[in-house]
file upload-v5.cif (mmCIF, C-alpha atoms)
data_target
loop_
_atom_site.label_atom_id
_atom_site.label_comp_id
_atom_site.auth_asym_id
_atom_site.auth_seq_id
_atom_site.Cartn_x
_atom_site.Cartn_y
_atom_site.Cartn_z
CA MET L 1 -4.21 28.55 12.60
CA LEU L 2 -5.83 25.40 13.90
CA PRO L 3 -8.48 25.60 16.63
CA ALA L 4 -7.54 25.03 20.25
CA VAL L 5 -9.04 21.55 20.13
CA PHE L 6 -7.28 19.61 17.39
CA ILE L 7 -8.98 16.36 16.41
CA ASP L 8 -7.15 14.22 13.86
CA ARG L 9 -9.01 10.91 14.14
CA ALA L 10 -12.69 10.04 13.94
CA ILE L 11 -15.08 7.13 13.30
CA ILE L 12 -18.29 7.84 11.35
CA MET L 13 -21.13 5.91 9.73
CA VAL L 14 -22.17 6.90 6.22
CA ARG L 15 -25.15 5.69 4.25
CA GLY L 16 -26.29 6.47 0.74
CA GLY L 17 -30.00 7.07 0.30
CA ASP L 18 -32.21 4.17 -0.76
CA GLY L 19 -33.80 4.38 -4.18
CA GLY L 20 -37.55 4.93 -4.28
CA ASP L 21 -40.07 2.32 -5.44
CA GLY L 22 -41.75 2.35 -8.84
CA CYS L 23 -45.47 3.08 -9.06
CA VAL L 24 -48.38 0.98 -10.36
CA SER L 25 -50.92 3.29 -11.98
CA PHE L 26 -53.32 3.29 -14.93
CA ARG L 27 -54.58 6.29 -16.78
CA ARG L 28 -58.33 6.77 -16.25
CA GLU L 29 -59.85 9.92 -17.68
CA LYS L 30 -63.22 10.89 -19.06
CA TYR L 31 -63.41 10.52 -22.81
CA VAL L 32 -60.26 8.38 -22.81
CA PRO L 33 -61.67 4.86 -23.32
CA LYS L 34 -58.36 3.05 -23.43
CA GLY L 35 -56.19 4.32 -20.62
CA GLY L 36 -52.84 2.61 -20.29
CA PRO L 37 -50.20 2.17 -17.57
CA ASP L 38 -48.73 5.47 -16.38
CA GLY L 39 -46.85 4.51 -13.23
CA GLY L 40 -43.64 6.56 -13.12
CA ASP L 41 -40.13 5.49 -12.21
CA ALA L 42 -38.69 6.31 -8.80
CA GLY L 43 -35.81 8.63 -8.00
CA ASP L 44 -32.31 7.48 -7.17
CA GLY L 45 -31.02 7.81 -3.65
CA GLY L 46 -28.46 10.52 -2.91
CA SER L 47 -24.81 9.65 -2.40
CA VAL L 48 -22.43 10.66 0.39
CA LEU L 49 -19.45 12.64 -0.88
CA ALA L 50 -16.21 13.60 0.83
CA VAL L 51 -14.95 17.01 -0.31
CA ALA L 52 -11.56 18.46 0.55
CA ASP L 53 -12.02 21.99 1.92
CA GLU L 54 -8.99 24.21 2.52
CA ASN L 55 -10.98 26.09 5.18
CA VAL L 56 -11.35 22.96 7.33
CA ASN L 57 -8.25 22.09 9.38
CA THR L 58 -9.45 19.48 11.84
CA LEU L 59 -11.93 16.61 12.24
CA ILE L 60 -13.63 18.24 15.21
CA ASP L 61 -16.97 18.39 13.34
CA PHE L 62 -17.19 14.59 13.56
CA ARG L 63 -16.69 14.33 17.31
CA GLY L 64 -20.41 14.60 18.09
CA ALA L 65 -21.85 13.65 14.68
CA HIS L 66 -21.38 9.97 13.88
CA ASN L 67 -24.11 9.35 11.29
CA TRP L 68 -24.03 10.99 7.87
CA ASN L 69 -26.91 9.92 5.62
CA ALA L 70 -27.97 11.04 2.17
CA GLU L 71 -31.63 11.53 1.22
CA PRO L 72 -33.64 8.61 -0.21
CA GLY L 73 -35.18 8.90 -3.65
CA GLU L 74 -38.89 9.61 -4.00
CA ASN L 75 -41.31 6.93 -5.13
CA GLY L 76 -42.70 7.12 -8.65
CA ARG L 77 -46.19 8.58 -9.11
CA GLY L 78 -49.10 8.24 -11.48
CA ARG L 79 -49.43 10.24 -14.69
CA SER L 80 -45.88 9.16 -15.61
CA GLN L 81 -44.38 11.33 -12.91
CA HIS L 82 -40.79 10.46 -12.07
CA GLY L 83 -39.86 10.57 -8.38
CA ALA L 84 -37.24 13.15 -7.41
CA ASN L 85 -33.68 12.01 -6.79
CA GLY L 86 -32.48 12.24 -3.21
CA LYS L 87 -30.03 15.03 -2.37
CA ASP L 88 -26.37 14.12 -1.95
CA ARG L 89 -24.81 14.54 1.48
CA VAL L 90 -21.56 16.50 1.21
CA ILE L 91 -19.04 16.05 4.02
CA ARG L 92 -16.29 18.66 4.11
CA MET L 93 -12.95 17.36 5.36
CA PRO L 94 -9.43 18.78 5.58
CA PRO L 95 -7.04 18.03 2.73
CA GLY L 96 -4.78 15.23 3.90
CA THR L 97 -7.59 13.11 5.37
CA LEU L 98 -7.17 9.37 4.85
CA ILE L 99 -10.52 7.57 4.60
CA TYR L 100 -10.53 3.88 5.55
CA ASP L 101 -13.26 1.26 5.58
CA ASP L 102 -13.06 0.45 9.27
CA ASP L 103 -14.28 -3.12 8.80
CA THR L 104 -11.84 -4.15 6.04
CA ASP L 105 -9.06 -1.59 6.71
CA GLU L 106 -9.14 -0.73 3.00
CA LEU L 107 -7.94 2.77 2.10
CA LEU L 108 -10.82 4.28 0.14
CA ALA L 109 -9.42 7.75 -0.44
CA ASP L 110 -6.51 10.03 0.33
CA LEU L 111 -8.02 13.50 0.01
CA GLY L 112 -5.87 16.02 -1.77
CA PRO L 113 -6.75 19.69 -2.34
CA ASP L 114 -10.05 20.12 -4.26
CA ASP L 115 -10.78 16.36 -4.31
CA ARG L 116 -14.45 15.30 -4.43
CA ILE L 117 -15.01 11.59 -3.86
CA VAL L 118 -18.11 9.39 -3.50
CA ILE L 119 -17.74 7.32 -0.33
CA ALA L 120 -21.26 5.83 -0.16
CA ARG L 121 -23.27 5.52 -3.34
CA GLY L 122 -27.05 5.91 -3.32
CA GLY L 123 -29.41 3.13 -4.42
CA ARG L 124 -31.00 3.09 -7.85
CA GLY L 125 -34.68 3.99 -8.11
CA GLY L 126 -37.17 1.32 -9.14
CA PHE L 127 -39.17 1.24 -12.38
CA GLY L 128 -42.91 1.97 -12.57
CA ASN L 129 -45.31 -0.21 -14.51
CA GLU L 130 -45.16 2.14 -17.51
CA HIS L 131 -41.59 0.96 -18.00
CA TYR L 132 -42.77 -2.64 -18.56
CA LYS L 133 -45.54 -2.04 -21.10
CA SER L 134 -45.15 -3.70 -24.48
CA ALA L 135 -47.20 -4.85 -27.42
CA THR L 136 -47.76 -8.18 -25.73
CA ASN L 137 -48.22 -6.81 -22.21
CA GLN L 138 -50.34 -3.69 -22.46
CA ALA L 139 -51.49 -3.61 -18.83
CA PRO L 140 -48.49 -4.61 -16.70
CA ARG L 141 -48.77 -4.53 -12.96
CA ARG L 142 -45.11 -5.18 -12.51
CA VAL L 143 -42.84 -2.67 -10.74
CA SER L 144 -39.40 -2.84 -9.17
CA THR L 145 -38.37 -1.65 -5.77
CA GLY L 146 -35.49 0.70 -5.16
CA GLY L 147 -32.00 -0.50 -4.33
CA HIS L 148 -30.36 0.10 -0.98
CA GLY L 149 -27.66 2.70 -0.61
CA ASP L 150 -24.16 1.74 0.47
CA GLN L 151 -23.58 1.71 4.20
CA ARG L 152 -20.10 1.91 5.66
CA ARG L 153 -18.29 2.47 8.90
CA LEU L 154 -15.38 4.76 8.10
CA ARG L 155 -12.21 5.65 9.95
CA LEU L 156 -10.84 9.12 9.27
CA ASP L 157 -7.17 9.77 9.86
CA LEU L 158 -5.86 13.29 9.25
CA LYS L 159 -2.25 13.90 8.31
CA LEU L 160 -1.51 17.56 7.77
CA ILE L 161 -0.37 18.73 4.35
CA ALA L 162 2.23 21.48 4.58
CA ASP L 163 5.17 22.74 2.58
CA VAL L 164 7.41 23.09 5.62
CA GLY L 165 7.36 21.18 8.90
CA LEU L 166 9.12 22.67 11.94
CA VAL L 167 10.77 20.09 14.16
CA GLY L 168 13.05 20.33 17.15
CA LEU L 169 13.18 19.80 20.89
CA PRO L 170 10.64 21.57 23.10
CA ASN L 171 11.56 25.23 23.68
CA ALA L 172 13.63 25.42 20.50
CA GLY L 173 11.38 28.30 19.41
CA LYS L 174 9.19 26.61 16.80
CA SER L 175 5.98 28.36 17.87
CA THR L 176 7.77 31.70 18.04
CA LEU L 177 9.08 31.21 14.52
CA LEU L 178 5.63 30.26 13.24
CA MET L 179 4.15 33.40 14.78
CA ALA L 180 6.99 35.54 13.38
CA VAL L 181 6.51 34.51 9.75
CA THR L 182 2.76 33.80 9.58
CA ALA L 183 -0.51 35.09 11.02
CA ALA L 184 -0.81 32.07 13.33
CA ASN L 185 -1.04 32.80 17.04
CA PRO L 186 0.15 29.68 18.90
CA LYS L 187 0.54 29.60 22.65
CA ILE L 188 4.07 30.55 23.71
CA ALA L 189 5.57 30.14 27.18
CA ASP L 190 8.91 29.39 28.79
CA TYR L 191 8.29 25.72 29.51
CA PRO L 192 8.31 22.51 27.43
CA PHE L 193 5.24 21.19 25.63
CA THR L 194 3.54 24.57 25.48
CA THR L 195 2.13 23.50 22.12
CA LEU L 196 -0.03 20.41 22.49
CA SER L 197 -1.41 20.23 18.95
CA PRO L 198 -0.03 20.87 15.45
CA GLN L 199 -0.31 24.47 14.32
CA LEU L 200 -0.59 25.67 10.72
CA GLY L 201 0.26 29.07 9.31
CA ILE L 202 0.69 30.64 5.88
CA ALA L 203 3.77 32.75 5.19
CA GLU L 204 3.31 35.33 2.43
CA LEU L 205 6.68 35.92 0.76
CA ASP L 206 5.21 38.46 -1.65
CA ALA L 207 2.05 39.05 -3.68
CA LYS L 208 2.48 35.80 -5.62
CA ARG L 209 4.25 33.32 -3.31
CA ARG L 210 3.22 31.55 -0.13
CA LEU L 211 4.40 28.77 2.14
CA VAL L 212 2.20 26.58 4.35
CA ILE L 213 4.17 25.95 7.54
CA ALA L 214 3.32 23.43 10.27
CA ASP L 215 4.70 23.45 13.81
CA ILE L 216 4.94 19.78 14.85
CA PRO L 217 5.19 19.60 18.66
CA GLY L 218 6.09 16.91 21.12
CA LEU L 219 9.36 15.47 19.79
CA ILE L 220 11.66 14.22 22.54
CA GLU L 221 13.98 11.28 22.92
CA GLY L 222 11.86 8.13 22.66
CA ALA L 223 9.17 9.81 20.51
CA ALA L 224 9.31 6.98 17.95
CA ARG L 225 8.31 4.59 20.76
CA GLY L 226 5.46 6.88 21.83
CA ALA L 227 7.20 9.02 24.45
CA GLY L 228 6.05 12.60 24.83
CA LEU L 229 3.45 13.29 22.15
CA GLY L 230 5.26 10.67 20.06
CA HIS L 231 3.24 8.89 17.41
CA ASP L 232 0.35 11.35 17.72
CA PHE L 233 2.30 13.98 15.80
CA LEU L 234 5.30 12.28 14.20
CA ARG L 235 2.94 11.04 11.51
CA HIS L 236 2.04 14.61 10.55
CA ILE L 237 5.64 15.25 9.41
CA GLU L 238 5.19 12.56 6.74
CA ARG L 239 3.05 14.99 4.72
CA THR L 240 5.51 17.89 4.74
CA ARG L 241 7.72 18.47 1.72
CA LEU L 242 10.60 20.09 3.61
CA ILE L 243 11.77 19.83 7.23
CA VAL L 244 13.17 22.79 9.14
CA HIS L 245 15.18 21.45 12.06
CA LEU L 246 15.24 24.30 14.57
CA LEU L 247 18.03 24.29 17.16
CA ASP L 248 18.42 26.44 20.25
CA ALA L 249 21.88 28.03 19.90
CA GLN L 250 22.37 28.20 23.67
CA PRO L 251 20.00 25.75 25.43
CA GLN L 252 19.14 26.69 29.00
CA ASP L 253 19.94 23.16 30.18
CA GLY L 254 23.51 23.47 28.90
CA SER L 255 23.06 20.74 26.28
CA ASP L 256 24.93 20.79 22.99
CA PRO L 257 22.92 21.85 19.86
CA ALA L 258 24.63 19.17 17.74
CA GLN L 259 23.72 16.45 20.22
CA ASN L 260 20.15 17.76 20.35
CA TYR L 261 20.02 17.58 16.56
CA ASN L 262 21.21 13.96 16.55
CA ARG L 263 18.62 12.99 19.17
CA ILE L 264 15.73 14.23 17.03
CA ARG L 265 17.22 12.79 13.84
CA ALA L 266 17.41 9.40 15.53
CA GLU L 267 13.71 9.59 16.37
CA LEU L 268 12.76 10.50 12.81
CA ALA L 269 14.81 7.61 11.43
CA ALA L 270 13.37 5.18 13.98
CA TYR L 271 9.84 6.17 13.04
CA SER L 272 10.27 6.09 9.26
CA ALA L 273 13.24 5.75 6.92
CA GLN L 274 11.29 7.73 4.32
CA LEU L 275 10.77 10.52 6.84
CA ALA L 276 14.47 10.63 7.65
CA ASP L 277 15.28 11.08 3.95
CA LYS L 278 13.15 14.20 3.49
CA PRO L 279 14.94 17.41 2.45
CA GLU L 280 16.04 19.34 5.52
CA VAL L 281 17.27 22.81 6.44
CA ILE L 282 19.10 23.16 9.77
CA VAL L 283 18.45 26.51 11.46
CA LEU L 284 20.01 27.96 14.59
CA ASN L 285 17.64 30.11 16.64
CA LYS L 286 17.89 32.76 19.37
CA LEU L 287 20.49 34.95 17.67
CA ASP L 288 19.39 37.83 19.90
CA LEU L 289 20.92 36.05 22.90
CA VAL L 290 24.34 35.99 21.20
CA PRO L 291 25.06 39.64 20.31
CA ASP L 292 28.80 39.17 19.59
CA PRO L 293 29.34 38.42 15.83
CA GLN L 294 32.52 36.47 16.55
CA GLN L 295 30.71 34.27 19.06
CA GLN L 296 27.94 33.74 16.50
CA ARG L 297 30.46 32.48 13.95
CA GLU L 298 32.02 30.19 16.54
CA ILE L 299 28.64 28.62 17.34
CA VAL L 300 27.90 28.04 13.65
CA ASN L 301 31.38 26.64 12.95
CA ARG L 302 31.22 24.33 15.96
CA LEU L 303 27.87 22.96 14.77
CA CYS L 304 29.16 22.47 11.23
CA ARG L 305 32.18 20.56 12.47
CA ALA L 306 30.13 18.35 14.78
CA LEU L 307 27.59 17.52 12.07
CA GLU L 308 30.18 17.34 9.29
CA ILE L 309 28.49 20.09 7.30
CA SER L 310 30.68 21.39 4.49
CA PRO L 311 31.92 24.99 4.91
CA GLY L 312 30.10 26.07 1.76
CA GLU L 313 26.72 24.90 3.08
CA GLU L 314 25.05 27.76 4.91
CA VAL L 315 23.38 27.24 8.31
CA PRO L 316 20.98 30.15 8.91
CA PHE L 317 21.29 31.82 12.32
CA ILE L 318 18.08 33.69 13.16
CA SER L 319 16.12 35.19 16.00
CA ALA L 320 12.46 34.27 15.69
CA ALA L 321 11.58 36.47 18.68
CA ALA L 322 13.28 39.55 17.22
CA ARG L 323 12.44 38.58 13.60
CA LEU L 324 16.11 38.74 12.64
CA GLY L 325 16.96 36.73 9.53
CA THR L 326 13.42 35.44 9.02
CA PRO L 327 12.81 37.01 5.56
CA ALA L 328 16.04 35.47 4.25
CA LEU L 329 15.06 32.14 5.79
CA LEU L 330 11.70 32.15 3.97
CA GLU L 331 13.50 32.79 0.68
CA ARG L 332 15.84 29.90 1.44
CA LEU L 333 12.90 27.59 2.16
CA TRP L 334 11.16 28.63 -1.06
CA SER L 335 14.28 27.86 -3.06
CA GLU L 336 14.59 24.42 -1.41
CA LEU L 337 11.03 23.37 -2.30
CA PRO L 338 10.51 21.22 -5.40
CA MET L 339 9.20 23.35 -8.27
CA SER L 340 5.94 21.37 -8.35
CA ALA L 341 5.25 22.22 -4.69
CA ARG L 342 5.45 26.00 -5.04
CA ARG L 343 2.11 27.78 -4.74
CA ASP L 344 0.78 31.28 -5.13
CA ARG L 345 -1.66 33.00 -2.77
CA ARG L 346 -4.62 31.17 -4.32
CA GLY L 347 -2.94 27.78 -3.91
CA TRP L 348 -2.07 27.47 -7.61
CA SER L 349 1.24 26.09 -8.79
CA VAL L 350 3.73 28.73 -9.83
CA ARG L 351 7.03 28.59 -11.66
CA THR L 352 9.77 31.11 -11.09
#

call {"tool": "encode", "arguments": {"input": "upload-v5.cif", "output": "structure tokens"}}
result
Amino acid sequence: MLPAVFIDRAIIMVRGGDGGDGCVSFRREKYVPKGGPDGGDAGDGGSVLAVADENVNTLIDFRGAHNWNAEPGENGRGRSQHGANGKDRVIRMPPGTLIYDDDTDELLADLGPDDRIVIARGGRGGFGNEHYKSATNQAPRRVSTGGHGDQRRLRLDLKLIADVGLVGLPNAGKSTLLMAVTAANPKIADYPFTTLSPQLGIAELDAKRRLVIADIPGLIEGAARGAGLGHDFLRHIERTRLIVHLLDAQPQDGSDPAQNYNRIRAELAAYSAQLADKPEVIVLNKLDLVPDPQQQREIVNRLCRALEISPGEEVPFISAAARLGTPALLERLWSELPMSARRDRRGWSVRT
């Protein structure tokens, strides 16, 4: 589950460490009449690395920390001693973070699981005078200074990576479904926009299979133009591999589930044609409020006719609150995922 404060954008400054300077030194010891140059080379500056960490779900760590610098390299020393390299600065970010150069708008990296990327390289250490000695220059006093590390202003933009994205109008029961099938504990109440930030949960189908599920809140009519939570969270659906469109079977406002479906589909299409083409499973929720089996069939058939769904294409009817039909739904979602997207409990690809 994501923390209560969900931060999905940040601006930071990163700087690789400067390389150290080479050393001018000459060997002078008792009983050594011809001491030569022994100034050592300097150490390289450390680099700044972005590392994708599955245990990090938000960019909240960057809200009060804007400067991320690596260590500089040490200067060279006498007696041919090489300066130590500066330590790298490792920045842990959630998988799905887009890293942009804020000045040029260039996309530097799109962090996937286990990625480790250098985003600011450290400067090279300078050479000491021992490096420049030769047969014709036996007492050089020449050294080189260290190079400067890269410095960048970066824009971080997090788009969640999930197998399944839950979409639907407010109060369709998305948070209840997420809580029913995962260990997530989102806020649930009987009013719209209870969920104000994306929520992630992991559904364990069995000992070897798992689904990462995201509840994407805030979709209402006009979301593609920024209404409701609009653009803030529509972009998170772009990362999901499969959309579950959750419909309230009997909305309290008396609206029609098919019309509600078309309203959200219109917003997805208006935001992104690619998003509208994602694989989708339509699910009716709140089965517990319709106890009569005949009435249940009528609701499903009416929806299928309105949306022109073929009779052979099953529309799951579940109750997230009562956990009715949820195991079968998870199996359906697993079967709908592309084979390459299926993962076991450790996040490894599995084939069944």

call {"tool": "residues_around", "arguments": {"input": "upload-v5.cif", "residues": "L:Ala109", "least_positions_apart": "4", "cutoff": "10 Å", "atoms": "only C-alpha atoms", "output": "list in words"}}
result
Ala50, Gly96, Thr97, Leu98, Ile99, Tyr100, Asp101, Asp115, Arg116, Ile117, Val118, Ile119 and Leu156 of chain L

call {"tool": "resolve_selection", "arguments": {"input": "upload-v5.cif", "expression": "the PyMOL selection byres ((chain L and resi 21) around 7)", "output": "PyMOL selection string"}}
result
chain L and resi 19-20+22-23+42+75-76+125-126+144-146

call {"tool": "resolve_selection", "arguments": {"input": "upload-v5.cif", "expression": "the PyMOL selection byres ((chain L and resi 240-247) around 7)", "output": "ChimeraX atom specification"}}
result
/L:161-168,172,174,237-239,248-249,257,278-285,337

call {"tool": "closest_residue", "arguments": {"input": "upload-v5.cif", "among": "L:Ile60, L:Leu111, L:Ala180, L:Ala321", "to": "L:Lys286", "atoms": "only C-alpha atoms"}}
result
L:Ala321

call {"tool": "residues_around", "arguments": {"input": "upload-v5.cif", "residues": "L:Ala10", "least_positions_apart": "6", "cutoff": "12 Å", "atoms": "all atoms listed in the file", "output": "ChimeraX atom specification"}}
result
/L:58-67,93,97-100,102,153-158

call {"tool": "residues_around", "arguments": {"input": "upload-v5.cif", "residues": "stretch 134-139 of chain L", "least_positions_apart": "6", "cutoff": "9 Å", "atoms": "only C-alpha atoms", "output": "PyMOL selection string"}}
result
chain L and resi 26+36-37

call {"tool": "atom_distance", "arguments": {"input": "upload-v5.cif", "atom1": "atom CA of L:Phe127", "atom2": "atom CA of L:Tyr31"}}
result
28.0 Å

call {"tool": "atom_distance", "arguments": {"input": "upload-v5.cif", "atom1": "atom CA of L:Thr182", "atom2": "atom CA of L:Pro113"}}
result
20.8 Å
